[in-house]
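Undergrad: Before anything else, here's the structure in question.
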Amino acid sequence: MSQQQFWKIWERFGLFIIILIGVAGLSLSIPNFATMTNFRNFINQAAVVAIAGAGMTLAITSGGFDLSVGSVFALAACFGARILIDGPVAQSIFVSLVVGTGIGLLNGLIITKLRVPTFIATLAMMTIVRGAALIYTKGRDINIITEPAREAAYKFFGGGYIFSLPVPMVLMILVFVVFYVVLNHTAFGRHVCAVGSNEQAAIYSGLNVDRIKIAVFAIVGLTASIAAVIQTSQLMGVNSGSSGLGFELQVIAVVVLGGTSLRGGKAKLFGTMAGAILVAIANNGLNLYNTPIFYQYLVFGLILLLAVSMDGLKNKFYTPAGAWAQKI
Amino acid sequence: MKQILNKFGRIWERAGIFIMLAALAAVFAAINPDFRKANNISNILLQCTPIGIAAIGMTFAIISGAFDLSVGSTMALTACVTVSLIGVLGFYGAVAAGLVLGFLLGLVNGLIVTKIRISPFIATLGTLWVYRAFAYIYTQNKPVQSTDAVFTSWGENFVYVPRLFIVMLFCYLAGFFLLYKTPFGRYVFAIGSNRRAAILSGINVARVTLFVFALAGLFGAMGGAALAVRLWSAKADTASGYELMIIAAVVLGGTSLKGGSGTLAGTFGAAILFAVIYNAMDMFQVQSYWQKIALGGILLIALSLDGLRRKYMMLAIEPVQSPLKDKGERINEK
Amino acid sequence: MDSVLQLKAVTKVFPGVRALDAVGFDVTKGEVHSLIGENGAGKSTLIKILGGVFAQDSGKVIFDNKQMNFRNTHQSQLSGISVIFQEFNLLPDLSVAENIYIGREPKKGPFIDWRKITADSETILKQLDVNLDPKTIVESLSVAEKQMVEIAKALSFKARLIIMDEPTAALSEKETEKLFEVIRALKAQGTTILFVSHRLKEVFAISDRITVLRDGRFIATKDARQTNEEEIIRLMVGRDINSFFAKSSDHSQSVMLSVRDLNFQDNLRDISFDVRCGQILGVAGLMGCGKTQLAEALYGLLPIERGEIILNGRAVRIDSPQKAIELGIGFVSEERKENGIFPGLSVLHNLTMAIIRKLSGRLGIKLDAQKERDTLRSYAGRLDIRYHRPGQEIDFLSGGNQQKVLLARALASECKVLILCEPTRGIDVGAKVEIYSLMNELAKKGVAIIMISSDLPEVISMSDSCITMYHGRITGYLNKEQMTETNIVACAVGQKTVGIES
């Protein structure tokens, strides 16, 4: 097999190959790994990050990104949890989604109308929204204790089964299928790619770039809140200080892992899903080995670096000859 | 009218951050006399040192067009190592060890970026986790403390001015010299401005980039040491989230995220500004949760003013002959 | 005859400069009308107004007998004017079809109708006699193909006026000919073309009428058949340009640079030639012939596979621009904006960037500001670079002045060999002259100059001798007598060889 062919195959399937190796390896070395319960464990974890990752993939494809998703996650979770204690499940979920989407809209407006650089805007929102969450909960945990019927209904989202598949997994697949169709077969999706590909040309072509960006950020907020609902359902509680802390970097990392370029214009949606699954499997394996939780950070960082190295080694970036040939 | 806007824009570009600083300080001092007390001022100056020092290295990085997301983790790791070694190497020895470690951590970042050819954002995203993990592993998630006399003495004042602040001033002086008075500093600007042109001008881009990252790690370690001195201890989760604050300080100070332009003085001003705001919020007994909101809000306001200013400045420029840089708008301000 | 476009007293003022001053002229329906002028004459401002990028301050634009006030580019497109900018307005990650129909995609319900968009694109491309699969991603296309996509886009808008800004700047001769065929076909269909270009030969080849702008003012419109290059140049510059191409060559000088059997992949094959001190060697060839790679190889940007480079008698390995500069080789790239200028940095910094090491104190650590300023002053004087103050951002200098700064940057390192790639591309006639006299001056001082250019008149008049390349090989070593346009072109297309022993 020539080098060319190797890289082509790696580009398309590399992540899946690693997942297969990981699954195989762990199944053989840990007896508890290849069980339905364990599968449900890590796939449910993966779903939370993956769903937020779908939104982030859209954002990165449009040439932006969102550092506030962790705080949005927390706020949506807090609202949802608090409301669930007294109110119906539908209301709780609805409010969570509205909160997430609303903050996303706000992000979009700040970036397009006030012309604040994306990095600063989403960073600032990250602290503001976190503050809001802390104020809303007065810094205390929320434990969801409510009527058994409601509890059961809510728990369905995080722990139930549809057609004997875990609900989060089904939701994840659903979200990704919808995103795939929108990104590749609707004008809106193509326009998102256009904006990330060459924003100036998109403007000249008459696309309403501001509106597209606002929509994208709203979607990011929406997916973050969906993820929040799922996790809150799993935990049946929220800690407003620590919920979603570091989530944004996890989500961005998973998108990058999946192969979507930070430059925008090209989206690798299912790569994001694969990335989230890979990380979840790795964490799961570590748990089963009873390693202290902070080793997960190590593994996470190493996986990210290793996976992206493969990509990087293809581009001879920093030698004069290399940078020249690459026209970077 | 356009002339006035133009003049105002120019002044703001150069000294905006200091104007904001002076204005806010004046307002706070007027409202609450406690603010003006020497005690409080030295407190503010003490508060701003960790981020202020670490931001020096970050300024270099951002001007060169790169990023260091791992600086918070570097600060934590080096702080933990430093404090743990005070007993063994004495204070100065421990600090030196910490600085060397920071330099090496930065060097590793640089190697990943230049040799393995990963973009700085992703590379430092990865090392952010790896270095943080090292901090946890090294300390086994237990805080490290020291009551060494020399150690704690550095947290005190020297004639009302915190010793650490004096250290910060020296760091900035060194940074100024490096950035504005040496070929290296010029190369940093060149690389951030146009990498290909830098290559053609004979600049060894890889080597300069490597050194920039090492510097970021070095100043990060210095900031971590300052943090440890202030807290008399260090933990694995120290300085979490600091990387974003540091980058915010650099950007607030006037350095563009695109690279190729930047100001160390601005970073200095921004670091102090952050400290002033936090101090004032404590003083006015703003709940810590509202503090978060206030800080974010200030960031937004300051930068939207900046964004709008840049939009209107474009119309007030005086060219020599050809008035147009091909496109009338700057897009993709990230 | 119908006027499709009438400009009446169009004025546009930017702070400090009158980009357009009461410009008025007519464009007839169905003609190819060229717009000529030096840099800063106002051509690009005018194009942007017509394209809807911004509005004029006063005056009227009348298109198809209706007054137009475009508020954005889309309005301009919808009314039948399409502008093809030099840098293109394409979306690299999307397909040809998507680019053509961006914003107007045919839909089936909420989804894009792929069959229709592909079919429609194919129809238009066939009209242009272009062989492109509409599903191709634009990023992978060549410059000429991208231009065809832009033209297809214009046609899809049923444009009645197509404005092309320097369309041939990056095209080979063959591709330019193809473009002209397309233009003639469009003309036959009744489309009007407004053609902006620096290249007088091409302008005369394709235009019906020529309008000259100078300093933002309308100077004249001439019928192409009733004027000639000298007159147009005179109108552009406002003064007579005497032939500045007198050059004496001296063959007794020693060989400064010798290249033997240079090889790099497919781009360079068995390249061998010599350059003497004080000689100007022209390198001519079509796009893709390898002349750019040759320049890059000599400057340390390509890992050479086989071959020798002998500089001043010593065999050298040039593995980086840094090394090349140390060895005394200077380089000015053809892409001023992409590879040359440091945007946002001052004129001073741009000029001295390659030599600041030398300008720093004893340890090479501290920069000597005085020395820097002196360097700037001396080169600015020599080359007549116009700027306000040393700290001024280079972005605000005209193209010609920017190029001079880049030239100065290469010269400041006191090179013995100077490689110039398209030294006068996109530069007005006045500055061109200055650069040519500088080249002559350098040659007199003994610098060996390698000039890579696709501007044949330039090659013929400035070079002492020239080599032609085709598909990576040298197909001709031509001395002064042999350097005729016919010969050069023939060698460049591989039709014949000159000066090569078999």
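In the structure tokens, chains take letters A, B, ... by order of appearance, with residues numbered from 1 within each chain and ligands from 1 in the order shown.
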Identify, on the basis of only C-alpha atoms, every residue whose closest approach to Gly155 (chain B) does not exceed 9 Å; exclude the query and any residue fewer than 6 positions from it along the same chain; express the result as a short mmCIF file (atom, residue, chain, number, x, y, z; two decimals) with C-alpha atoms, in the first residue's frame.

TA:
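The new file part-v3.cif reads:
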data_model
loop_
_atom_site.label_atom_id
_atom_site.label_comp_id
_atom_site.auth_asym_id
_atom_site.auth_seq_id
_atom_site.Cartn_x
_atom_site.Cartn_y
_atom_site.Cartn_z
CA LEU B 46 -0.46 42.58 44.60
CA PRO B 162 4.37 45.02 47.10
CA ARG B 163 7.65 43.32 46.31
CA LEU B 164 5.86 41.17 43.78
CA ALA B 226 3.78 34.92 42.23
CA VAL B 229 3.65 33.52 47.14
CA ARG B 230 0.32 35.27 47.46
CA LEU B 231 -1.50 32.16 48.61
CA TRP B 232 1.38 30.64 50.58
#

Undergrad: With a distance threshold of 6 Å and counting only C-alpha atoms, extract the residues of chain C near chain A and express them as a list in words.

TA: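 Listing them in order of chain and number gives Thr73, His74, Asn89, Leu90, Leu91, Asp93, Phe111, Ile112, Leu301 and Leu302 of chain C.
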
Undergrad: Take CA of Ile271 (chain C) and CA of Ser172 (chain C) and report the distance between them in Å, one decimal.

TA: 21.6 Å

Undergrad: Could you give me, as a ChimeraX atom specification, the residues within 12 Å of Leu171 (chain A), counting only C-alpha atoms and dropping anything in the same chain fewer than 2 positions from it?

TA: /A:43-44,46-48,50-52,54,156-162,165-169,173-178,223,226-227,229-230

Undergrad: To test your reading of the structure, identify every residue in region 91-266 of chain B that backbone DSSP assigns to alpha helix (DSSP H), and report it as a PyMOL selection string.

TA: chain B and resi 91-114+120-139+149-153+163-181+183-193+195-200+205-231+242-252+264-266

Undergrad: Between CA of Gln403 (chain C) and CA of Ile63 (chain B), what is the distance, to one decimal in Å?

TA: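 That distance, rounded to one decimal, is 25.1 Å.
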
Undergrad: Please tabulate, as a tab-separated table, the residues of chain C that come within 6 Å of chain B, each with its closest pair of atoms and the distance in Å to one decimal, counting only C-alpha atoms and ordering rows by chain, then residue number upward.

TA:
residue	atom	partner	partner_atom	distance
C:Pro15	CA	B:Glu318	CA	5.8
C:Gly16	CA	B:Glu318	CA	5.3
C:Gly40	CA	B:Ser322	CA	4.9
C:Pro321	CA	B:Gly202	CA	4.9
C:Gln322	CA	B:Gly202	CA	3.9
C:Asn339	CA	B:Ala197	CA	4.4
C:Gly340	CA	B:Ala197	CA	4.8
C:Phe342	CA	B:Ser193	CA	5.4
C:Pro343	CA	B:Ser193	CA	5.9
C:Ala354	CA	B:Ser201	CA	4.8
C:Ile365	CA	B:Thr182	CA	5.4
C:Lys366	CA	B:Thr182	CA	4.9
C:Leu367	CA	B:Thr182	CA	5.3
C:Phe396	CA	B:Pro319	CA	5.2
C:Ser398	CA	B:Ser322	CA	5.0

Undergrad: Taking only C-alpha atoms into account and nothing else, which residues of chain B lie no more than 8 Å away from chain A? Please answer as a ChimeraX atom specification.

TA: /B:114-118,122-123,125-134,136-137,196,199,205-206,244,248,289-297,299-300,303-304,306-308,331-334

Undergrad: Could you check which of A:Val238, A:Ala228, A:Val170, A:Val95 is closest to Arg140 (chain A), using only C-alpha atoms?

TA: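 Smallest separation from Arg140 (chain A) among the options: A:Val238.
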
Undergrad: So what do you get for CA of Gly70 (chain A) versus CA of Ala152 (chain A), distance-wise?

TA: 26.4 Å

Undergrad: Of the candidates C:Gly400, C:Gly109, C:Gly59, C:Gly344, which shows the shortest atom-to-atom distance to Ile427 (chain C), using only C-alpha atoms?

TA: C:Gly400

Undergrad: I'd like the contact shell of Lys8 (chain C) - 10 Å cut-off, only C-alpha atoms, skipping same-chain residues fewer than 5 positions apart - returned as a list in words.

TA: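 Returned residues: Ala22, Val23, Gly24, Phe25, Asp26, Ser58, Gly59, Lys60, Val61 and Ile62 of chain C.
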
Undergrad: Nearest to Asp86 (chain A) among A:Val49, A:Ile21, A:Arg150, A:Ala276, with distances taken over only C-alpha atoms: which residue is it?

TA: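 Using only C-alpha atoms, the shortest distance to Asp86 (chain A) belongs to A:Arg150.
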
Undergrad: Using DSSP on the backbone coordinates, identify the residues of region 69-158 of chain B assigned to strand (DSSP E or B); present them as a ChimeraX atom specification.

TA: /B:144-145,157-158

Undergrad: Those residues you just picked out, can you put them in a file as a PDB file, in the first residue's frame with C-alpha atoms?

TA:
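So the final result, stored in part-v1.pdb, reads:
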ATOM      1  CA  VAL B 144       1.293  21.915  48.816  1.00  0.00           C
ATOM      2  CA  GLN B 145       2.270  24.434  51.430  1.00  0.00           C
ATOM      3  CA  ASN B 157       5.616  45.317  50.816  1.00  0.00           C
ATOM      4  CA  PHE B 158       8.735  47.256  50.167  1.00  0.00           C
TER       5      PHE B 158
END

Undergrad: Using only C-alpha atoms, which protein or nucleic acid residues come within 12 Å of Tyr436 (chain C)? Drop anything in the same chain fewer than 2 positions from it, and give the result as a PyMOL selection string.

TA: chain C and resi 243-247+280+383+404+407+420+423-424+427+429-434+438-443+449+451+458-459+461-463

Undergrad: Residues as selected, N, CA and C atoms, written as an mmCIF file, in the first residue's frame, can you do that?

TA:
data_model
loop_
_atom_site.group_PDB
_atom_site.id
_atom_site.type_symbol
_atom_site.label_atom_id
_atom_site.label_comp_id
_atom_site.auth_asym_id
_atom_site.auth_seq_id
_atom_site.Cartn_x
_atom_site.Cartn_y
_atom_site.Cartn_z
ATOM 1 N N SER C 243 11.940 56.122 -24.709
ATOM 2 C CA SER C 243 12.327 54.737 -24.552
ATOM 3 C C SER C 243 13.395 54.635 -23.489
ATOM 4 N N PHE C 244 13.110 53.916 -22.450
ATOM 5 C CA PHE C 244 14.058 53.845 -21.356
ATOM 6 C C PHE C 244 14.848 52.560 -21.411
ATOM 7 N N PHE C 245 14.800 51.948 -22.554
ATOM 8 C CA PHE C 245 15.333 50.602 -22.578
ATOM 9 C C PHE C 245 16.738 50.516 -23.129
ATOM 10 N N ALA C 246 17.438 51.624 -23.222
ATOM 11 C CA ALA C 246 18.798 51.546 -23.742
ATOM 12 C C ALA C 246 19.676 50.842 -22.732
ATOM 13 N N LYS C 247 20.322 49.799 -23.147
ATOM 14 C CA LYS C 247 21.174 49.101 -22.204
ATOM 15 C C LYS C 247 22.407 48.574 -22.904
ATOM 16 N N ILE C 280 21.856 41.074 -16.917
ATOM 17 C CA ILE C 280 20.448 40.844 -16.594
ATOM 18 C C ILE C 280 19.978 39.670 -17.427
ATOM 19 N N LEU C 383 15.652 55.094 -4.393
ATOM 20 C CA LEU C 383 14.568 54.517 -5.190
ATOM 21 C C LEU C 383 13.372 55.442 -5.312
ATOM 22 N N LYS C 404 8.819 49.048 -4.391
ATOM 23 C CA LYS C 404 10.147 49.625 -4.195
ATOM 24 C C LYS C 404 10.680 49.312 -2.809
ATOM 25 N N LEU C 407 11.956 45.884 -2.951
ATOM 26 C CA LEU C 407 13.215 45.897 -3.688
ATOM 27 C C LEU C 407 14.331 46.365 -2.770
ATOM 28 N N LEU C 420 14.470 38.630 -9.374
ATOM 29 C CA LEU C 420 13.247 39.427 -9.397
ATOM 30 C C LEU C 420 12.149 38.657 -10.092
ATOM 31 N N PRO C 423 8.822 41.870 -11.601
ATOM 32 C CA PRO C 423 9.138 43.064 -10.812
ATOM 33 C C PRO C 423 8.188 44.235 -11.025
ATOM 34 N N THR C 424 7.511 44.276 -12.167
ATOM 35 C CA THR C 424 6.661 45.453 -12.364
ATOM 36 C C THR C 424 5.199 45.089 -12.529
ATOM 37 N N ILE C 427 2.061 47.616 -11.530
ATOM 38 C CA ILE C 427 2.671 48.898 -11.163
ATOM 39 C C ILE C 427 2.492 49.891 -12.293
ATOM 40 N N VAL C 429 3.080 53.079 -14.871
ATOM 41 C CA VAL C 429 4.191 53.299 -15.801
ATOM 42 C C VAL C 429 5.310 54.121 -15.197
ATOM 43 N N GLY C 430 4.936 55.148 -14.434
ATOM 44 C CA GLY C 430 5.959 56.005 -13.835
ATOM 45 C C GLY C 430 6.913 55.208 -12.948
ATOM 46 N N ALA C 431 6.322 54.401 -12.084
ATOM 47 C CA ALA C 431 7.161 53.621 -11.171
ATOM 48 C C ALA C 431 7.945 52.561 -11.925
ATOM 49 N N LYS C 432 7.344 52.043 -12.988
ATOM 50 C CA LYS C 432 8.038 51.040 -13.796
ATOM 51 C C LYS C 432 9.373 51.577 -14.280
ATOM 52 N N VAL C 433 9.311 52.771 -14.808
ATOM 53 C CA VAL C 433 10.533 53.383 -15.327
ATOM 54 C C VAL C 433 11.591 53.460 -14.244
ATOM 55 N N GLU C 434 11.143 53.876 -13.068
ATOM 56 C CA GLU C 434 12.110 54.008 -11.979
ATOM 57 C C GLU C 434 12.739 52.662 -11.630
ATOM 58 N N LEU C 438 16.701 51.550 -11.989
ATOM 59 C CA LEU C 438 17.408 50.987 -10.845
ATOM 60 C C LEU C 438 18.091 49.690 -11.228
ATOM 61 N N MET C 439 17.379 48.867 -12.005
ATOM 62 C CA MET C 439 17.978 47.600 -12.423
ATOM 63 C C MET C 439 19.229 47.848 -13.241
ATOM 64 N N ASN C 440 19.140 48.829 -14.124
ATOM 65 C CA ASN C 440 20.322 49.135 -14.943
ATOM 66 C C ASN C 440 21.484 49.593 -14.076
ATOM 67 N N GLU C 441 21.152 50.421 -13.119
ATOM 68 C CA GLU C 441 22.177 50.938 -12.215
ATOM 69 C C GLU C 441 22.864 49.790 -11.485
ATOM 70 N N LEU C 442 22.041 48.862 -10.972
ATOM 71 C CA LEU C 442 22.597 47.721 -10.244
ATOM 72 C C LEU C 442 23.500 46.892 -11.136
ATOM 73 N N ALA C 443 23.020 46.680 -12.364
ATOM 74 C CA ALA C 443 23.825 45.874 -13.276
ATOM 75 C C ALA C 443 25.165 46.550 -13.506
ATOM 76 N N ILE C 449 21.640 39.917 -12.197
ATOM 77 C CA ILE C 449 20.192 39.973 -11.993
ATOM 78 C C ILE C 449 19.503 38.894 -12.805
ATOM 79 N N MET C 451 15.856 37.972 -13.950
ATOM 80 C CA MET C 451 14.524 38.589 -13.997
ATOM 81 C C MET C 451 13.525 37.621 -14.616
ATOM 82 N N GLU C 458 9.024 43.660 -21.665
ATOM 83 C CA GLU C 458 9.951 43.913 -20.560
ATOM 84 C C GLU C 458 11.170 43.012 -20.694
ATOM 85 N N VAL C 459 10.899 41.735 -20.936
ATOM 86 C CA VAL C 459 12.000 40.787 -21.062
ATOM 87 C C VAL C 459 12.912 41.207 -22.205
ATOM 88 N N SER C 461 13.354 44.106 -23.701
ATOM 89 C CA SER C 461 14.118 45.349 -23.600
ATOM 90 C C SER C 461 15.100 45.357 -22.449
ATOM 91 N N MET C 462 14.808 44.689 -21.364
ATOM 92 C CA MET C 462 15.678 44.798 -20.198
ATOM 93 C C MET C 462 16.777 43.741 -20.152
ATOM 94 N N SER C 463 16.549 42.579 -20.750
ATOM 95 C CA SER C 463 17.551 41.519 -20.561
ATOM 96 C C SER C 463 18.700 41.640 -21.532
#

Undergrad: Excluding same-chain residues fewer than 4 positions from Val212 (chain C), what lies within 9 Å of it counting only C-alpha atoms, as number ranges by chain?

TA: C: 34-37, 41, 217-222, 232, 235-236

Undergrad: Extract, using only C-alpha atoms, all DNA, RNA and protein residues at most 9 Å from region 144-150 of chain C, discarding same-chain residues fewer than 2 positions from it, and format them as a list in words.

TA: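 Contacts, in chain order: Val83, Ile84, Phe88, Asn89, Leu90, Val96, Ala97, Asn99, Ile100, Leu125, Leu128, Val130, Leu132, Val138, Glu139, Leu141, Ser142, Ala152, Lys153, Ala154, Leu155, Pro167, Thr168, Ala170, Leu171, Ser172, Glu175, Thr176 and Leu179 of chain C.
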